[in-house]
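J.: Got a structure here, written out as structure tokens. Questions coming.
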2 protein chains.
Amino acid sequence: MHKQEVTIYDVAREAKVSMATVSRVVNGNSNVRKETRERVEEVIKRLHYQPNAVAQGLASKRTTTVGLIVPELTNLYFAELSKGIDDIALLYKYNIIITSIENRLMKEDQVIQGLLNKQVDGVIYMSNKLTDEAAEAFKRTSTPVVLAGTKDNRLDFPSVTINYHKADTEALNLLLNDGKKNLGLVLGDAEAVVNSEHRIPAYREFLADHDMEEHLYTGVYDYSDGYNLYPKLIKDGVDGIIVTGDNSSVGILNAAVDSGAKVPEDFEIITASATQIASVVRPALTAVKQPLYDIGAVAMRMLTKLMNNEEVEDLHIELPYELVKKQSTINR
Amino acid sequence: MHKQEVTIYDVAREAKVSMATVSRVVNGNSNVRKETRERVEEVIKRLHYQPNAVAQGLASKRTTTVGLIVPELTNLYFAELSKGIDDIALLYKYNIIITSIENRLMKEDQVIQGLLNKQVDGVIYMSNKLTDEAAEAFKRTSTPVVLAGTKDNRLDFPSVTINYHKADTEALNLLLNDGKKNLGLVLGDAEAVVNSEHRIPAYREFLADHDMEEHLYTGVYDYSDGYNLYPKLIKDGVDGIIVTGDNSSVGILNAAVDSGAKVPEDFEIITASATQIASVVRPALTAVKQPLYDIGAVAMRMLTKLMNNEEVEDLHIELPYELVKKQSTINR
DNA sequence: CTGAAAGCGCTAACAT
DNA sequence: ATGTTAGCGCTTTCAG
């Protein structure tokens, strides 16, 4: 397996310089005479020399690779975040090792350890919930970590999010103003910090302020969870809901439509994390439009600073969201 | 930046063996006495030793990392393929470096060269079209490459696909049997081998066999392309179409629905690469259901064999597809 | 501005 | 079964 035909040494010999000089040329070090540089560059081109990034990584202790930890690959929410990350990573010449943690073949801390063993320069963690094992693994390392779309109360990892409390309150107000009386909140994991510390408190405060009854549904993760939940919502008399998952919100919507319910007249739905899917269903879903691309991009940008030991003014960035009215709420 | 606290050398000293023995233990080499192994393992655990994968990679010339080249991150078609790849990669303990080529900041061959410089052990390329520059880059290297969901006629790279010709013919027959008279084919890139060598020929043969008029639309890539195409379809008198992109098929569907057309009575749609999105829209789309997860999984499995120089009986695997009738064609 | 030399942490013959 | 010894290809002082 003679992958590497031509090494830095070959270039050095051919250009009649030392490998140190070739290394300088490759790395854009300015301490090289113009003529020398040009001679080396000519040889590099002629020999089709390409630096071995693994050797560079070992010698320099920087791999220009970051790890991405994502709960599911086939979820547009994470895909849109990832795209923001990817674009900025490309800009700063980092590669991305992506690892999903949905497969139970390997525990989450093992996945993270595997990433750290590969000497990634940094990690971006996306998920509604920072699990204990992940937190443990992260705090054992000096590798910088940024949370995208999640917060953590215990360990204060850098994060990029929106203001969930404010967003949900605004969405609840929309339902209230549309005349809905029994407002529900549909969540995935109730333990997730975003839910337990932000969304649920916002919901309860709202209920208290308006003297309303609580209709909290947890453990609703995907399309079919949402679809199956719908009859229960109706039985409970709920007429307006905020759904934190995009797929589950579409499940609920389709269950409503398929059962002949009138949306939004009888039943209103607001999705709290809109992806493309929210706008292609009919009726299109009114949504809290999180700037997913930007969250990813800002998180990655922050990570580049952390990896370079640059000053980072604010380690907890909240980006603006937008409440976009579509057809699943009364439009006026 | 003293990331690596404890090295193989520390373990060796502490366990009073040579680093070679520690290496053997770490790599599961059987040539180690049981007691020695246990002593070393105890030290490894006590010192929290973790092997540096970069150093392993440099010394062994194997990085247990594969590169994934995907046209778009935010497209469920590729996400579902990726999930199949990811699961098998995890099983065989490979990490994945994912690179999208939608960002024009870097040319495709540069992206590929970057992957090769990182010494990936193999590459999986997904896209309807293997571009010239990609093909050039691949043929310069000895690193194995597998195409997932694409074929190539020039260079005969290993591939995993379905039989597009057969699938499209079957879909066209369905439209015909539903009484549709003017059948259209809506594509993205007409130059893509899958289209130029498989889908278009299948379409033309079908038209010839049934003495029908051609309605071929190319350059239709995303949702809005599809949405905007609809009026033209109607003007052209098309009453049944096969759409190769899932997002564009939904665009066409919504344009039809929004304009009050009756689907499937007046207009039938079959999507030729169904993802989750095809089943959540209403009416749900009749689809050629490609086994995307399996295509990814089989491609990755094939790649593991290639990377280990194992025998691969068939380098061009075609997996079975399924024509799933939903609501965008007449159901009977 | 350039070169010499010492590693980075590990694997893989080759000995013993 | 275990140790010794070269590297893998590159970066990075340190000299000059």
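To be explicit about the labels: the chains of the structure tokens are called A, B, and onward in the order shown, and within each one the residues are counted from 1, while ligands get numbers from 1 in the order they are shown.
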Taking only C-alpha atoms (C1' of nucleotides) into account, find every residue of chain D that has an atom no more than 10 Å from chain B, and write it out as a short mmCIF file (atom, residue, chain, number, x, y, z; two decimals) with N, CA, C and O atoms (P, O5', C5', C4', C3', O3' and C1' of nucleotides), in the first residue's frame.
T.:
data_model
loop_
_atom_site.label_atom_id
_atom_site.label_comp_id
_atom_site.auth_asym_id
_atom_site.auth_seq_id
_atom_site.Cartn_x
_atom_site.Cartn_y
_atom_site.Cartn_z
P DA D 1 2.58 -16.93 22.99
"O5'" DA D 1 3.31 -15.95 23.98
"C5'" DA D 1 3.53 -16.33 25.32
"C4'" DA D 1 4.67 -15.51 25.84
"C3'" DA D 1 4.34 -14.01 25.93
"O3'" DA D 1 4.96 -13.51 27.09
"C1'" DA D 1 6.14 -14.33 24.42
P DT D 2 4.67 -12.10 27.66
"O5'" DT D 2 5.82 -11.24 27.01
"C5'" DT D 2 7.13 -11.29 27.60
"C4'" DT D 2 8.11 -10.58 26.74
"C3'" DT D 2 7.93 -9.07 26.59
"O3'" DT D 2 8.89 -8.46 27.42
"C1'" DT D 2 8.70 -10.11 24.59
P DG D 3 9.01 -6.91 27.52
"O5'" DG D 3 10.24 -6.65 26.54
"C5'" DG D 3 11.44 -7.38 26.75
"C4'" DG D 3 12.45 -7.00 25.69
"C3'" DG D 3 12.65 -5.49 25.51
"O3'" DG D 3 14.04 -5.25 25.36
"C1'" DG D 3 12.08 -6.48 23.43
P DT D 4 14.62 -3.80 25.33
"O5'" DT D 4 15.26 -3.69 23.88
"C5'" DT D 4 15.62 -4.87 23.18
"C4'" DT D 4 16.15 -4.46 21.81
"C3'" DT D 4 16.51 -2.99 21.66
"O3'" DT D 4 17.69 -2.88 20.89
"C1'" DT D 4 14.83 -3.59 20.09
P DG D 7 15.20 2.87 8.80
"O5'" DG D 7 14.80 4.23 9.54
"C5'" DG D 7 13.82 5.08 8.99
"C4'" DG D 7 12.46 4.40 8.92
"C3'" DG D 7 11.37 5.36 8.49
"O3'" DG D 7 10.63 4.80 7.45
"C1'" DG D 7 10.82 4.35 10.59
P DC D 8 10.18 5.70 6.28
"O5'" DC D 8 8.64 5.97 6.56
"C5'" DC D 8 7.68 4.94 6.68
"C4'" DC D 8 6.40 5.58 7.15
"C3'" DC D 8 6.27 7.03 6.73
"O3'" DC D 8 5.39 7.11 5.62
"C1'" DC D 8 5.76 6.73 9.09
P DG D 9 5.91 7.82 4.26
"O5'" DG D 9 5.73 9.36 4.58
"C5'" DG D 9 4.43 9.87 4.82
"C4'" DG D 9 4.55 11.23 5.46
"C3'" DG D 9 5.37 12.24 4.67
"O3'" DG D 9 4.55 13.38 4.47
"C1'" DG D 9 6.03 12.20 6.93
#
J.: Pull out every residue of chain C that has at least one atom within 7 Å of chain A, counting only C-alpha atoms (C1' of nucleotides), and report them as a list of chain:residue names.
T.: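 Residues passing the distance filter: C:DC1, C:DT2, C:DG3, C:DC8.
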J.: Please check the contacts: residues of chain A at most 9 Å away from chain B, using only C-alpha atoms, listed as a VMD selection string.
T.: chain A and resid 1 to 3 50 to 55 57 to 58 61 63 65 72 to 80 82 to 83 86 to 87 90 to 91 95 to 100 103 105 to 106 113 to 119 141 to 143 223 250 to 251 254 277 280 to 282
J.: Using DSSP secondary structure from the backbone, list all alpha helix (DSSP H) positions within stretch 148-221 of chain B, as a ChimeraX atom specification.
T.: /B:164-177,193,200-210
J.: Just write the chosen residues, N, CA, C and O atoms, as a compact mmCIF listing (two decimals), in the first residue's frame.
T.:
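And here's part.txt as it stands now:
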# COMPACT_ATOMS: atom_id res chain seq x y z
N TYR B 164 -32.71 1.50 -12.70
CA TYR B 164 -33.53 2.68 -12.99
C TYR B 164 -34.40 2.48 -14.23
O TYR B 164 -35.53 2.94 -14.28
N HIS B 165 -33.86 1.79 -15.18
CA HIS B 165 -34.60 1.55 -16.41
C HIS B 165 -35.90 0.80 -16.12
O HIS B 165 -36.99 1.20 -16.52
N LYS B 166 -35.74 -0.26 -15.38
CA LYS B 166 -36.88 -1.12 -15.06
C LYS B 166 -37.88 -0.37 -14.16
O LYS B 166 -39.10 -0.42 -14.38
N ALA B 167 -37.36 0.34 -13.21
CA ALA B 167 -38.22 1.06 -12.27
C ALA B 167 -39.06 2.11 -12.98
O ALA B 167 -40.28 2.22 -12.78
N ASP B 168 -38.41 2.88 -13.85
CA ASP B 168 -39.13 3.94 -14.54
C ASP B 168 -40.17 3.36 -15.50
O ASP B 168 -41.27 3.90 -15.64
N THR B 169 -39.80 2.28 -16.16
CA THR B 169 -40.74 1.66 -17.08
C THR B 169 -41.99 1.20 -16.33
O THR B 169 -43.12 1.40 -16.79
N GLU B 170 -41.75 0.62 -15.18
CA GLU B 170 -42.87 0.16 -14.37
C GLU B 170 -43.76 1.33 -13.94
O GLU B 170 -45.00 1.25 -13.99
N ALA B 171 -43.11 2.41 -13.58
CA ALA B 171 -43.87 3.59 -13.16
C ALA B 171 -44.67 4.19 -14.32
O ALA B 171 -45.83 4.58 -14.17
N LEU B 172 -44.05 4.22 -15.48
CA LEU B 172 -44.74 4.74 -16.66
C LEU B 172 -45.95 3.88 -17.00
O LEU B 172 -47.01 4.37 -17.38
N ASN B 173 -45.79 2.58 -16.85
CA ASN B 173 -46.89 1.67 -17.08
C ASN B 173 -48.07 1.94 -16.16
O ASN B 173 -49.23 1.84 -16.55
N LEU B 174 -47.73 2.26 -14.93
CA LEU B 174 -48.78 2.57 -13.96
C LEU B 174 -49.59 3.78 -14.44
O LEU B 174 -50.83 3.77 -14.43
N LEU B 175 -48.88 4.81 -14.88
CA LEU B 175 -49.56 6.01 -15.37
C LEU B 175 -50.43 5.66 -16.58
O LEU B 175 -51.58 6.09 -16.70
N LEU B 176 -49.85 4.89 -17.46
CA LEU B 176 -50.57 4.50 -18.67
C LEU B 176 -51.85 3.74 -18.32
O LEU B 176 -52.93 4.02 -18.86
N ASN B 177 -51.72 2.80 -17.42
CA ASN B 177 -52.88 1.99 -17.02
C ASN B 177 -53.94 2.81 -16.30
O ASN B 177 -55.10 2.43 -16.23
N VAL B 193 -25.23 10.40 -15.60
CA VAL B 193 -25.26 9.09 -16.25
C VAL B 193 -26.56 8.35 -15.96
O VAL B 193 -27.14 7.72 -16.84
N ILE B 200 -33.63 8.37 -19.26
CA ILE B 200 -34.11 8.92 -20.54
C ILE B 200 -34.31 7.82 -21.58
O ILE B 200 -35.36 7.76 -22.23
N PRO B 201 -33.35 6.90 -21.73
CA PRO B 201 -33.59 5.81 -22.67
C PRO B 201 -34.84 5.00 -22.33
O PRO B 201 -35.62 4.64 -23.22
N ALA B 202 -35.03 4.73 -21.05
CA ALA B 202 -36.22 3.96 -20.65
C ALA B 202 -37.48 4.72 -21.05
O ALA B 202 -38.45 4.14 -21.58
N TYR B 203 -37.45 6.01 -20.82
CA TYR B 203 -38.60 6.86 -21.14
C TYR B 203 -38.86 6.84 -22.64
O TYR B 203 -40.00 6.65 -23.10
N ARG B 204 -37.81 7.01 -23.41
CA ARG B 204 -37.98 7.07 -24.87
C ARG B 204 -38.43 5.74 -25.45
O ARG B 204 -39.25 5.69 -26.37
N GLU B 205 -37.91 4.67 -24.91
CA GLU B 205 -38.37 3.36 -25.37
C GLU B 205 -39.86 3.19 -25.10
O GLU B 205 -40.61 2.70 -25.95
N PHE B 206 -40.24 3.64 -23.93
CA PHE B 206 -41.64 3.51 -23.56
C PHE B 206 -42.53 4.33 -24.51
O PHE B 206 -43.56 3.85 -24.98
N LEU B 207 -42.08 5.54 -24.77
CA LEU B 207 -42.85 6.40 -25.68
C LEU B 207 -42.97 5.76 -27.06
O LEU B 207 -44.04 5.74 -27.67
N ALA B 208 -41.85 5.22 -27.52
CA ALA B 208 -41.85 4.59 -28.85
C ALA B 208 -42.81 3.40 -28.87
O ALA B 208 -43.61 3.23 -29.79
N ASP B 209 -42.72 2.60 -27.83
CA ASP B 209 -43.58 1.42 -27.75
C ASP B 209 -45.06 1.78 -27.76
O ASP B 209 -45.90 1.00 -28.21
N HIS B 210 -45.37 2.93 -27.20
CA HIS B 210 -46.78 3.29 -27.05
C HIS B 210 -47.18 4.47 -27.92
O HIS B 210 -48.25 5.03 -27.74
J.: Mind checking which residues fall within 12 Å of D:DT13, counting only C-alpha atoms (C1' of nucleotides), ignoring those fewer than 4 positions away in the same chain, and posting them as a list in words?
T.: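 Skipping anything fewer than 4 positions along the chain leaves Ala20 of chain A; DA4, DA5, DA6 and DG7 of chain C.
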J.: Take the residues from that selection and put them in a file with N, CA and C atoms (P, O5', C5', C4', C3', O3' and C1' of nucleotides), as a PDB file, in the first residue's frame.
T.:
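What ended up in selection_33.pdb:
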ATOM      1  N   ALA A  20      12.945  21.432   5.692  1.00  0.00           N
ATOM      2  CA  ALA A  20      12.415  22.540   6.498  1.00  0.00           C
ATOM      3  C   ALA A  20      11.913  23.658   5.591  1.00  0.00           C
TER       4      ALA A  20
ATOM      5  P    DA C   4      21.662  20.356   6.073  1.00  0.00           P
ATOM      6  O5'  DA C   4      21.880  20.051   7.622  1.00  0.00           O
ATOM      7  C5'  DA C   4      22.478  21.028   8.466  1.00  0.00           C
ATOM      8  C4'  DA C   4      22.377  20.545   9.909  1.00  0.00           C
ATOM      9  C3'  DA C   4      22.173  19.042  10.061  1.00  0.00           C
ATOM     10  O3'  DA C   4      22.862  18.611  11.220  1.00  0.00           O
ATOM     11  C1'  DA C   4      20.283  20.192  10.911  1.00  0.00           C
ATOM     12  P    DA C   5      22.770  17.066  11.673  1.00  0.00           P
ATOM     13  O5'  DA C   5      21.592  17.153  12.741  1.00  0.00           O
ATOM     14  C5'  DA C   5      21.587  18.218  13.702  1.00  0.00           C
ATOM     15  C4'  DA C   5      20.447  17.985  14.678  1.00  0.00           C
ATOM     16  C3'  DA C   5      20.155  16.509  14.963  1.00  0.00           C
ATOM     17  O3'  DA C   5      19.773  16.396  16.314  1.00  0.00           O
ATOM     18  C1'  DA C   5      18.233  17.496  14.095  1.00  0.00           C
ATOM     19  P    DA C   6      19.755  14.966  17.023  1.00  0.00           P
ATOM     20  O5'  DA C   6      18.569  15.185  18.062  1.00  0.00           O
ATOM     21  C5'  DA C   6      18.297  16.508  18.558  1.00  0.00           C
ATOM     22  C4'  DA C   6      16.798  16.680  18.772  1.00  0.00           C
ATOM     23  C3'  DA C   6      16.120  15.411  19.314  1.00  0.00           C
ATOM     24  O3'  DA C   6      15.195  15.792  20.305  1.00  0.00           O
ATOM     25  C1'  DA C   6      15.028  16.109  17.372  1.00  0.00           C
ATOM     26  P    DG C   7      14.606  14.664  21.294  1.00  0.00           P
ATOM     27  O5'  DG C   7      14.141  13.545  20.215  1.00  0.00           O
ATOM     28  C5'  DG C   7      12.828  13.014  20.329  1.00  0.00           C
ATOM     29  C4'  DG C   7      11.784  14.088  20.102  1.00  0.00           C
ATOM     30  C3'  DG C   7      10.380  13.511  20.081  1.00  0.00           C
ATOM     31  O3'  DG C   7       9.502  14.335  20.791  1.00  0.00           O
ATOM     32  C1'  DG C   7      10.874  14.507  17.985  1.00  0.00           C
TER      33       DG C   7
END
J.: What does the distance from atom CA of B:Asp222 to atom CA of B:Glu133 come to in Å, to one decimal?
T.: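 Pair atom CA of B:Asp222 / atom CA of B:Glu133 returns 23.9 Å.
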J.: Let me make sure I understand: among A:Glu268, A:Asp225, A:Asp132, A:Asp10, which one has the smallest atom-to-atom distance to A:Ile242 if we use only C-alpha atoms?
T.: A:Glu268
J.: Looking only at the backbone, which of the residues in stretch 136-180 of chain A does DSSP tag as strand (DSSP E), as an NGL selection string?
T.: :A and (145-148 or 159-162)
J.: Expressed in Å to a single decimal, how great is the separation between atom CA of B:Ala297 and atom CA of B:Gly28?
T.: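 Computed distance, atom CA of B:Ala297 to atom CA of B:Gly28, equals 26.8 Å.
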